[in-house]
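For reference, the structure is listed below as structure tokens.
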Amino acid sequence: MSAELALQGAFVSTLKSDLGVTSGIAGRVYDRVPANAALPYVHLRSFQGVADGADCVDGLELYADVDVWSNAVGKPEAARIAESVRRALDGHLLALDAPWALIDLEHRNTIIGDEDDLLVRARISFRALVERA
């Protein structure tokens, strides 16, 4: 299993079980958004692995981008859900599927903006360090 897939799986299980997140999105966490998905929802947009360059550790630096989509008026709903996603993930040592272990997970930034006249997107970025256990 790739490190990216292991981290994605940990994100899904964490976000779907966190009461702060699920209260805002009713469990709608997607890596591929279905047609006509009800809003709001969380979209696991991308996972990127970069070699960490360490000689003594078989590890990777991973970057994950998570989007919150909302059609509520203004930005408050997207902002509230984005904050609950950040709280659920930032600094937590999530359990990854073998053979990977999470060393560090940190929130990098959140950008909240209008996508068009009807939709708001909150883009949340994370950085993780993983190593082969």
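By convention here, the chains of the structure tokens are called A, B, ... in the order presented, each chain's residues are numbered starting at 1, and ligands are numbered starting at 1 in the order presented.
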(request) Tell me which protein, DNA and RNA residues are within 10 Å of Arg86 in chain A, counting only C-alpha atoms, leaving out same-chain ones fewer than 6 positions away, and put them as a list in words. (result) Leu15, Val21, Val66, Arg80, Glu106, His107, Arg108, Asn109, Thr110, Ile124, Ser125 and Phe126 of chain A
(message) Could you list, as a PyMOL selection string, every residue within 12 Å of range 43-49 of chain A, counting only C-alpha atoms and ignoring same-chain residues fewer than 5 positions away?
(response) chain A and resi 2-12+15+25+27-34+37+59-70+81-82+85+121-131
(request) Run DSSP on the backbone and give me the residues of chain A it puts in strand (DSSP E or B), as a ChimeraX atom specification. (result) /A:29-30,41-51,59-70,100-114,120-132
(message) I need the residues of range 12-124 of chain A that end up classed as alpha helix (DSSP H) by DSSP on the backbone, written out as a list of chain:residue names.
(response)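 Taking range 12-124 of chain A and keeping alpha helix (DSSP H) only, one gets A:Val12, A:Ser13, A:Thr14, A:Leu15, A:Lys16, A:Ser17, A:Leu19, A:Gly20, A:Val21, A:Thr22, A:Ser23, A:Gly24, A:Ile25, A:Pro76, A:Glu77, A:Ala78, A:Ala79, A:Arg80, A:Ile81, A:Ala82, A:Glu83, A:Ser84, A:Val85, A:Arg86, A:Arg87, A:Ala88, A:Leu89.
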(request) Excluding Ala98 in chain A and any residue of its chain fewer than 3 positions from it, enumerate the residues within 9 Å of it, using only C-alpha atoms, and give them as a list of chain:residue names. (result)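 Here the qualifying residues turn out to be A:Met1, A:Ala6, A:Ala101, A:Arg132, A:Ala133.
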Keeping only C-alpha atoms, write the selected residues to a file as an mmCIF file, in the first residue's frame.
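See selection.cif below for the written result:
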data_model
loop_
_atom_site.group_PDB
_atom_site.id
_atom_site.type_symbol
_atom_site.label_atom_id
_atom_site.label_comp_id
_atom_site.auth_asym_id
_atom_site.auth_seq_id
_atom_site.Cartn_x
_atom_site.Cartn_y
_atom_site.Cartn_z
ATOM 1 C CA MET A 1 0.000 0.000 0.000
ATOM 2 C CA ALA A 6 -2.665 4.926 3.860
ATOM 3 C CA ALA A 101 3.519 4.960 10.569
ATOM 4 C CA ARG A 132 7.852 2.594 6.790
ATOM 5 C CA ALA A 133 7.312 0.732 10.066
#
(request) Write out as a list in words each polymer residue whose atoms come within 8 Å of range 93-95 of chain A, counting only C-alpha atoms; drop sequence neighbours fewer than 5 positions from it. (result)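 Contacts, with the query itself left out: Ala10, Thr14, Ala101, Leu102, Ile103, Asp104 and Leu105 of chain A.
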Any chance you could export the current selection's N, CA, C and O atoms as a compact mmCIF listing (two decimals), in the first residue's frame?
# COMPACT_ATOMS: atom_id res chain seq x y z
N ALA A 10 -6.74 7.02 6.60
CA ALA A 10 -6.80 7.55 7.97
C ALA A 10 -7.61 8.84 8.02
O ALA A 10 -8.37 9.06 8.97
N THR A 14 -11.07 9.12 10.22
CA THR A 14 -11.07 10.15 11.26
C THR A 14 -12.19 11.16 11.04
O THR A 14 -12.93 11.50 11.96
N ALA A 101 3.77 4.34 9.26
CA ALA A 101 3.52 4.96 10.57
C ALA A 101 3.60 6.47 10.39
O ALA A 101 4.48 6.98 9.70
N LEU A 102 2.65 7.17 11.02
CA LEU A 102 2.62 8.63 10.95
C LEU A 102 3.52 9.19 12.05
O LEU A 102 3.37 8.85 13.23
N ILE A 103 4.44 10.07 11.67
CA ILE A 103 5.37 10.69 12.60
C ILE A 103 4.86 12.07 13.02
O ILE A 103 4.98 12.48 14.17
N ASP A 104 4.29 12.80 12.07
CA ASP A 104 3.82 14.16 12.34
C ASP A 104 2.75 14.54 11.32
O ASP A 104 2.84 14.16 10.16
N LEU A 105 1.75 15.29 11.78
CA LEU A 105 0.70 15.80 10.90
C LEU A 105 0.40 17.23 11.34
O LEU A 105 0.03 17.46 12.49
